Every structure is written in C-alpha cells, then in structure tokens.
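Undergrad: The structure that follows is given in the form of structure tokens.
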Amino acid sequence: MPEDASWGTRQPPTTGLHVAYQTVEELFGTDYAFYLPWFQRAYAWGEEHAHRFLADVARAYLDGRPRYVLGDIVLAQHAGERRQTIVDGQQRCFTLTILFALLRARAPDPALAARVARLISVPWDDDPFGSYRLAPQPSIAAFFAEAVQAENAIAASVDDIAASEVEGNIIQNRIRLGQVLDEFEAEGGDLAGLIEFLLSRCLVVLHVVEDEDEAWEMLRTKKATGLAFHDAARLKVTLIEAMPSGEREAASLLWDQCLSDLGNDDMSDLIVHLRDLAGRQRSSQPVEKDILTRYRLDKRGLDFICRDLLPAARNLLALKTADLGLEQERPEIRRAIRYMEWTGNTHWCVPALRWLERRGPDDAETGEFLRLLSRKMCLLRVCAVDAVEYRRRCIALATEIADGRAVADMGELHVPRQTRQRAYNNLTSRTFYDKRYCRALLRYLSDLLGEDPSAIDGDGVTVEHVLPRKPRKSSRWSKDFPTANDIKSHANCLGNLVFLSYVDNQALANQDYEFKRNALRGSGFRLSVDAADEPAWTPEVINRRTTQLAGLVFSHWGLATARR
C-alpha cells in the first residue's frame, strides 16, 4: 500500500467514471453527439453481423421481452464539449445509425419517423463536425452522409457509390437490414411496435470516462486480457469437479476416452452440442453453466457421462467418419457431410446427433435426412444467415426430430420461396466475390463438377478473376468492357471466377484473355479448364456462366431457380 499520507484524502476511485444503462433513444437523443477519431478501427461488420443484430432485436420484441441489452459502449467525454469520442462500440453505433435511416423512411407514423430522425441529426447548427449525431472518420464522413444520414439517402440508388471495402460494408448492411425489415413485415410484424421497442426497450451499457487516455487504456486492457473460448481441458476441470466426489475418477477416465477418440476441438464442440440438445431454445449463458444446471451434474455426474456424453461422442465420430447409412447411400452421405463441414460452423451436428440418437445410423431415411440437412445448411450459408440464427434453426430442427416427425413433415427442412429467391440473388450478385462464403461455394461448385480442389488457401489454390478488376487501359479488355461500370458489374460475378495456383495468379495478373487462356487450360482445375473453352471473354459469357453455375447448385439442391 502506498505510504503517501495524502492517500486517504484523495477523491474516490470512481470520480470521472460514469456507468449506466440507457435506452437507445436516451443515448442518441441527448444533447450529445459522437465522433470517431481517424485512427479508430474501421467499420467492419458484414451482413451476417447486421442480420444477427436486427434479427435478435426483432426476436426479443416478438417474444414479448421487457427489454433487450445491445451491449457496451465506451465514451470519452471532453469537459465542456458536446461531442464525445467513441472508444468502443462503434460497430453498433454505425449499424444503429443505418437502421435509424431505414426506419425513418419506413415508419408508418410521421411522429414516429420524426423521433427516429432526431437520432440521426443533431439539434444545433453550429457544430464543427456537421449536422449529424454520428461523425465517422473524416475519410468516409461524406459517403456515410450521402448513403445513410441525409434525409432522402435511403430513397437514392446505392449502385456505383461504394469505392472502398468500408463503404461496401455500409451499403451491404443497408441492404441486408432492409431485407430483414421486409421479412418482418411480410410475416405480419408490427413495424411501429418494433420501432417503439428499439427506442424505449433496447438498452446499452454506457461507460463514460472523462480522461480519454484512460478510456483507451480500458479498451486495451479488455482486448489484452480477453479469455479464449472454452477448450476441452478447461471444460473437463469445470464439469468433473462439480460431480459427487465418488464419481469423479470414473467420470475422468471416460472423459479421456472420448477425448482420445475425438480430439480437443471436436470434444469442445460436443459439449456445446449437448447443451443445445438439452434445451429447445438458444441459450446465451456460458456453456459450462448450462451443462452443470441442465444435466444436474452435482447429482448425476457419472450418469451424464454414461447416458449422454459417451453415446453422443460415438455418434459424432460416426458423423466425422461418415460411417453410417445404408451401404449404397454412403458416397452421397459422405458428400453431404463434407459440404456441411465447408459451411464453416458445426451447429449442423445438433440435429444430426439428435437424428442418430432417435433413429439410429442405419435407419432407412438417414441418407435422405442428411441430404436435406446438407441442402438446408448450405442454403443458410448462401443466404448469409448469421451464426446465431443458424444455430437457432438447428435447435428447432432437433426439436422436430425429438417430436417424432417424419422427414417429409419437418418444416425446417423445407425451402420457402423467399429463401430460394435470396439464395439465387446472392449467387448471381455482381458482388459475389465479396461474399464471405465465396470460396466455400466455389469449392462446392468444383466438387459438383467432379473435382475437389482442396481448401482455397491463397497459396496452393487461389481465386482468379478472368476479367481483371483493374485491367490496363490499353488492353483488349477495354473493347468488351469499355467503361468502369462495365468492369465493376462483371469482375466480381460468379461466372468470372476460376482457380489458379498462387504462382500462376501472380504471373497472369491483369493480362488479356488470349494470354490467360492457355494457363487456365493447363491449370488442372476443372472450373478453369471449362472457362478456357470460351473463344472470347465478354459480358455475355460472364452472365451466361453465372446463370449456369447458379443453376448447377440449384439443380443439386433439387430446386428450381428463382426465375422459374
């Protein structure tokens, strides 16, 4: 302890620090406004994050919850100034502002629209940062105003106004949030009620610090000391120690047996799957807490290991090795499981484990169930459904299985027209290359054509744009793609993308098609070899290939394309 005699007379340690809950309307409707310093992290949320953000709010509203907490925001408040620096929470502030702009344009009541508008614009005219509540980094301030904050921004076209990745994120999320609102209203949702819930029932945990340097130190400490997600070793200690003392030794030996079969990552995932299988809705609690309480490990720890963990571990191993199903169906089962693994998450294991638990690996419908499950999981990925919604759908399907429904009667395996439309639009989008699932989908397509190129790692396998994104002005490309918009409209389309090795990709760069064609033909990649059969590379070729490749995916799914 410091020996300074003045220690006891100093101000309390909470002086200059204010922590409180505020509603969204209280935060954005006060006499303060917010700005981001130039060195702050850029807006990086993708459409999955935006979808999750609004979908969770809508779900909380529809469930009749009294409130919904959006998370923490850390501000540095300068004495005597109306502007406050956003130190942490800028992703939410950006996304909320985009959502405000959409709601301002859609609100069914002019008074409600005016309330939302006040969350975008500040009530004073002498502000050096402009007339808006949120002042982004100077490099994107004008764009953000034009695309989001201006009074009629939402009515304006978004084509051809995004020039950078950050600007692309803003436009992409503006579109995605709009789609979520469209779906909400199409399903009979009350938009006025949702707006009121957002403004007056959604809360942020607000941390305001007077010393900006201290605020940044708080953020640095948070980032530096954040604990990694659970692993099997930590889970074992937490769960086994909660069991009756006489059961711990036997439980530990059986745990290690499962760990030996599955490995650390799959064992960790299995505990999460068991948590989801124990409840009929998604939980936001730590996985250890849910397992301890739902399975009552303090009373029946060894029973949990023997009756729940061991059978689930055997079933997960069967899924990972595709050792299940009728013999003649196993090749297609292996393919279905492989495609689900390529989606990038493991939540699909929850309904699959429930199926094996209830119906067994050799059930006559196992092959059909896994084929339809794979289709559903891939569709959700292409529709850019975020991980939380993805998980919710998987739990809902597991519930249908537990309820004894036949495969044909499982609603979660059906594909609504709206989902089919969105998937087709995403596959044929001119920004397909920028989608987070682009590489996985290209690998999927190549496998459908008869060749798995292996993981697209940027070294052995890279994605090549046949039409370069920045062709030389003096090249042949300028004849078939004479304007910048022609290039922008086609370069990132599905039909323009093929595979090459890193070395070949670098060598070809932005060369003409005649120069690239031989390299594509000799690349050994099926997608590239097929592209080399084209005598010329024109907008018509790219559009036709995009339609054909999207059609190939839909054909494998057993679905008509959205245009039919």
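Order determines the names: the first chain of the structure tokens is A, the second B, and so forth; residues in each chain are numbered 1 upward, and ligands are numbered 1 upward as they are shown.
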Taking 3 positions as the minimum chain separation for residues in the same chain, which residues sit within 6 Å of Val74 (chain A) when counting only C-alpha atoms? Answer as a ChimeraX atom specification.

TA: /A:87-88,207-208

Undergrad: Write out as a list in words which residues come within 7 Å of region 383-392 of chain A when counting only C-alpha atoms, dropping same-chain ones fewer than 6 positions away.

TA: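 The residues satisfying every condition are Glu47, Glu48, His49, His51, Arg52, Gln281, Arg282, His347, Arg422, Ala423 and Asn426 of chain A.
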
Undergrad: Convert the current residue selection to file output with all heavy atoms, as a compact mmCIF listing (two decimals), in the first residue's frame.

TA:
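As a result, out01.txt now contains:
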```txt
# COMPACT_ATOMS: atom_id res chain seq x y z
N GLU A 47 -22.65 -8.54 -43.48
CA GLU A 47 -24.10 -8.69 -43.50
C GLU A 47 -24.58 -9.72 -42.48
O GLU A 47 -25.69 -9.61 -41.95
CB GLU A 47 -24.58 -9.05 -44.90
CG GLU A 47 -23.99 -10.31 -45.47
CD GLU A 47 -24.44 -10.54 -46.91
OE1 GLU A 47 -25.58 -10.21 -47.25
OE2 GLU A 47 -23.63 -11.05 -47.69
N GLU A 48 -23.71 -10.73 -42.14
CA GLU A 48 -24.11 -11.67 -41.10
C GLU A 48 -24.29 -10.97 -39.76
O GLU A 48 -25.23 -11.25 -39.01
CB GLU A 48 -23.08 -12.79 -40.96
CG GLU A 48 -22.95 -13.67 -42.19
CD GLU A 48 -21.81 -13.23 -43.10
OE1 GLU A 48 -21.43 -12.04 -43.03
OE2 GLU A 48 -21.31 -14.05 -43.85
N HIS A 49 -23.34 -10.03 -39.44
CA HIS A 49 -23.43 -9.31 -38.18
C HIS A 49 -24.68 -8.42 -38.15
O HIS A 49 -25.40 -8.36 -37.15
CB HIS A 49 -22.19 -8.44 -37.98
CG HIS A 49 -20.91 -9.21 -37.95
ND1 HIS A 49 -20.15 -9.39 -39.08
CD2 HIS A 49 -20.24 -9.82 -36.95
CE1 HIS A 49 -19.08 -10.10 -38.78
NE2 HIS A 49 -19.11 -10.38 -37.49
N HIS A 51 -27.44 -8.78 -39.87
CA HIS A 51 -28.62 -9.63 -39.78
C HIS A 51 -28.86 -10.07 -38.35
O HIS A 51 -29.97 -9.99 -37.82
CB HIS A 51 -28.46 -10.84 -40.69
CG HIS A 51 -29.59 -11.83 -40.58
ND1 HIS A 51 -29.63 -12.80 -39.60
CD2 HIS A 51 -30.72 -11.99 -41.31
CE1 HIS A 51 -30.72 -13.51 -39.73
NE2 HIS A 51 -31.40 -13.05 -40.75
N ARG A 52 -27.80 -10.53 -37.70
CA ARG A 52 -27.93 -11.01 -36.32
C ARG A 52 -28.40 -9.88 -35.40
O ARG A 52 -29.25 -10.08 -34.54
CB ARG A 52 -26.60 -11.57 -35.84
CG ARG A 52 -26.59 -11.93 -34.36
CD ARG A 52 -25.25 -12.47 -33.93
NE ARG A 52 -25.19 -12.67 -32.49
CZ ARG A 52 -24.13 -13.14 -31.85
NH1 ARG A 52 -23.06 -13.47 -32.52
NH2 ARG A 52 -24.15 -13.29 -30.54
N GLN A 281 -34.39 -24.12 -26.96
CA GLN A 281 -34.13 -22.78 -27.47
C GLN A 281 -32.69 -22.41 -27.19
O GLN A 281 -32.03 -22.99 -26.34
CB GLN A 281 -35.07 -21.76 -26.84
CG GLN A 281 -34.98 -21.68 -25.32
CD GLN A 281 -36.02 -20.75 -24.74
OE1 GLN A 281 -36.86 -20.23 -25.45
NE2 GLN A 281 -35.95 -20.52 -23.44
N ARG A 282 -32.21 -21.42 -27.93
CA ARG A 282 -30.82 -21.00 -27.81
C ARG A 282 -30.57 -20.33 -26.47
O ARG A 282 -31.38 -19.57 -25.98
CB ARG A 282 -30.49 -20.01 -28.95
CG ARG A 282 -29.08 -19.48 -28.92
CD ARG A 282 -28.83 -18.61 -30.14
NE ARG A 282 -29.68 -17.44 -30.18
CZ ARG A 282 -29.37 -16.29 -29.59
NH1 ARG A 282 -28.25 -16.17 -28.91
NH2 ARG A 282 -30.17 -15.24 -29.68
N HIS A 347 -22.80 -26.26 -36.08
CA HIS A 347 -24.13 -26.35 -35.48
C HIS A 347 -25.00 -27.41 -36.15
O HIS A 347 -25.95 -27.92 -35.53
CB HIS A 347 -24.84 -24.99 -35.55
CG HIS A 347 -24.15 -23.92 -34.75
ND1 HIS A 347 -23.76 -24.10 -33.45
CD2 HIS A 347 -23.78 -22.65 -35.08
CE1 HIS A 347 -23.18 -23.00 -33.00
NE2 HIS A 347 -23.19 -22.11 -33.97
N ARG A 422 -33.61 -15.42 -52.24
CA ARG A 422 -32.44 -14.73 -51.72
C ARG A 422 -31.15 -15.47 -52.08
O ARG A 422 -30.15 -14.85 -52.44
CB ARG A 422 -32.53 -14.60 -50.19
CG ARG A 422 -31.42 -13.72 -49.60
CD ARG A 422 -31.34 -13.83 -48.10
NE ARG A 422 -32.61 -13.55 -47.47
CZ ARG A 422 -32.88 -13.84 -46.21
NH1 ARG A 422 -31.98 -14.45 -45.46
NH2 ARG A 422 -34.07 -13.55 -45.69
N ALA A 423 -31.19 -16.80 -52.00
CA ALA A 423 -30.01 -17.59 -52.36
C ALA A 423 -29.63 -17.37 -53.82
O ALA A 423 -28.45 -17.17 -54.16
CB ALA A 423 -30.24 -19.07 -52.08
N ASN A 426 -28.13 -13.93 -54.32
CA ASN A 426 -26.75 -13.84 -53.82
C ASN A 426 -25.76 -14.55 -54.74
O ASN A 426 -24.65 -14.08 -54.96
CB ASN A 426 -26.66 -14.43 -52.41
CG ASN A 426 -27.25 -13.51 -51.36
OD1 ASN A 426 -27.57 -12.35 -51.65
ND2 ASN A 426 -27.41 -13.99 -50.16
```

Undergrad: Provide the CA of Gln511 (chain A) to CA of Asp486 (chain A) distance in Å, to one decimal place.

TA: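 Result for CA of Gln511 (chain A) versus CA of Asp486 (chain A): 17.3 Å, one decimal.
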
Undergrad: When DSSP works through the backbone of this structure, what residues of region 108-297 of chain A end up as strand (DSSP E or B), shown as number ranges by chain?

TA: A: 121, 132, 134-135, 202-209

Undergrad: Determine, counting only C-alpha atoms, which protein, DNA and RNA residues have an atom within 7 Å of an atom of region 494-508 of chain A; residues of the same chain fewer than 6 positions away are not included. Present the result as an NGL selection string.

TA: :A and (427-428 or 432-433 or 458-467 or 516 or 523 or 525 or 527-528 or 542-543 or 545-546)

Undergrad: Save the residues we just selected, C-alpha atoms, as a PDB file, in the first residue's frame?

TA:
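In the end it all went to result34.pdb:
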```pdb
ATOM      1  CA  LEU A 427     -25.295 -16.409 -56.216  1.00  0.00           C
ATOM      2  CA  THR A 428     -25.946 -14.160 -59.216  1.00  0.00           C
ATOM      3  CA  PHE A 432     -20.399 -12.369 -55.302  1.00  0.00           C
ATOM      4  CA  TYR A 433     -16.614 -12.330 -54.822  1.00  0.00           C
ATOM      5  CA  GLY A 458      -4.285 -18.403 -51.163  1.00  0.00           C
ATOM      6  CA  ASP A 459      -1.173 -20.494 -51.853  1.00  0.00           C
ATOM      7  CA  GLY A 460      -1.856 -23.846 -53.490  1.00  0.00           C
ATOM      8  CA  VAL A 461      -5.284 -22.652 -54.640  1.00  0.00           C
ATOM      9  CA  THR A 462      -6.297 -19.045 -55.239  1.00  0.00           C
ATOM     10  CA  VAL A 463      -9.309 -17.352 -56.801  1.00  0.00           C
ATOM     11  CA  GLU A 464      -8.554 -15.752 -60.171  1.00  0.00           C
ATOM     12  CA  HIS A 465     -10.649 -13.044 -61.830  1.00  0.00           C
ATOM     13  CA  VAL A 466     -10.564 -13.800 -65.557  1.00  0.00           C
ATOM     14  CA  LEU A 467     -11.664 -10.235 -66.268  1.00  0.00           C
ATOM     15  CA  LYS A 516      -4.648 -16.212 -69.834  1.00  0.00           C
ATOM     16  CA  SER A 523      -4.055 -25.300 -64.628  1.00  0.00           C
ATOM     17  CA  PHE A 525      -8.567 -27.033 -62.125  1.00  0.00           C
ATOM     18  CA  LEU A 527     -13.503 -24.717 -63.173  1.00  0.00           C
ATOM     19  CA  SER A 528     -10.616 -23.059 -65.030  1.00  0.00           C
ATOM     20  CA  ILE A 542     -19.765 -13.971 -67.764  1.00  0.00           C
ATOM     21  CA  ASN A 543     -23.531 -13.563 -67.411  1.00  0.00           C
ATOM     22  CA  ARG A 545     -21.651 -18.718 -66.872  1.00  0.00           C
ATOM     23  CA  THR A 546     -23.061 -17.061 -63.744  1.00  0.00           C
TER      24      THR A 546
END
```

Undergrad: Distance CA of Val553 (chain A)-CA of Glu365 (chain A), one decimal place?

TA: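 Separation between CA of Val553 (chain A) and CA of Glu365 (chain A): 23.1 Å.
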
Undergrad: So that I can check the surroundings of Thr95 (chain A), please list as number ranges by chain every protein, DNA and RNA residue that reaches within 12 Å of it, counting only C-alpha atoms and ignoring chain neighbours fewer than 5 positions away.

TA: A: 43-47, 49-54, 70, 89-90, 100-102, 120, 134, 144, 148-149, 169-178

Undergrad: For Ala20 (chain A), work out the shell of residues within 12 Å, counting only C-alpha atoms and skipping chain neighbours fewer than 3 positions away, then give it as a PyMOL selection string.

TA: chain A and resi 17+23+26-27+71-75+203-209

Undergrad: Next, dump the selected residues to file, keeping only C-alpha atoms, as an mmCIF file, in the first residue's frame.

TA:
```cif
data_model
loop_
_atom_site.group_PDB
_atom_site.id
_atom_site.type_symbol
_atom_site.label_atom_id
_atom_site.label_comp_id
_atom_site.auth_asym_id
_atom_site.auth_seq_id
_atom_site.Cartn_x
_atom_site.Cartn_y
_atom_site.Cartn_z
ATOM 1 C CA LEU A 17 -16.189 7.430 -14.405
ATOM 2 C CA THR A 23 -32.235 3.272 -23.836
ATOM 3 C CA GLU A 26 -31.796 8.290 -24.446
ATOM 4 C CA LEU A 27 -28.322 7.683 -25.832
ATOM 5 C CA GLY A 71 -24.043 -4.416 -25.297
ATOM 6 C CA ASP A 72 -21.427 -1.988 -24.030
ATOM 7 C CA ILE A 73 -20.395 1.393 -25.397
ATOM 8 C CA VAL A 74 -17.385 3.260 -24.002
ATOM 9 C CA LEU A 75 -17.249 7.039 -24.487
ATOM 10 C CA LEU A 203 -30.592 -0.740 -23.688
ATOM 11 C CA VAL A 204 -26.864 -0.120 -23.899
ATOM 12 C CA VAL A 205 -24.443 -0.329 -21.004
ATOM 13 C CA LEU A 206 -22.825 3.082 -21.208
ATOM 14 C CA HIS A 207 -19.359 3.736 -19.781
ATOM 15 C CA VAL A 208 -18.345 7.418 -19.820
ATOM 16 C CA VAL A 209 -14.790 8.362 -18.846
#
```

Undergrad: Excluding Ser131 (chain A) and its own-chain neighbours fewer than 4 positions away, which residues fall within 12 Å of it when counting only C-alpha atoms? Please give them as a list in words.

TA: Ala33, Phe34, Tyr35, Arg83, Ala117, Arg118, Leu119, Ile120, Ser121, Val122, Pro123, Trp124, Asp125, Asp126, Asp127, Ala135, Ala141, Ala142, Ala145, Gln149, Ala150 and Glu151 of chain A
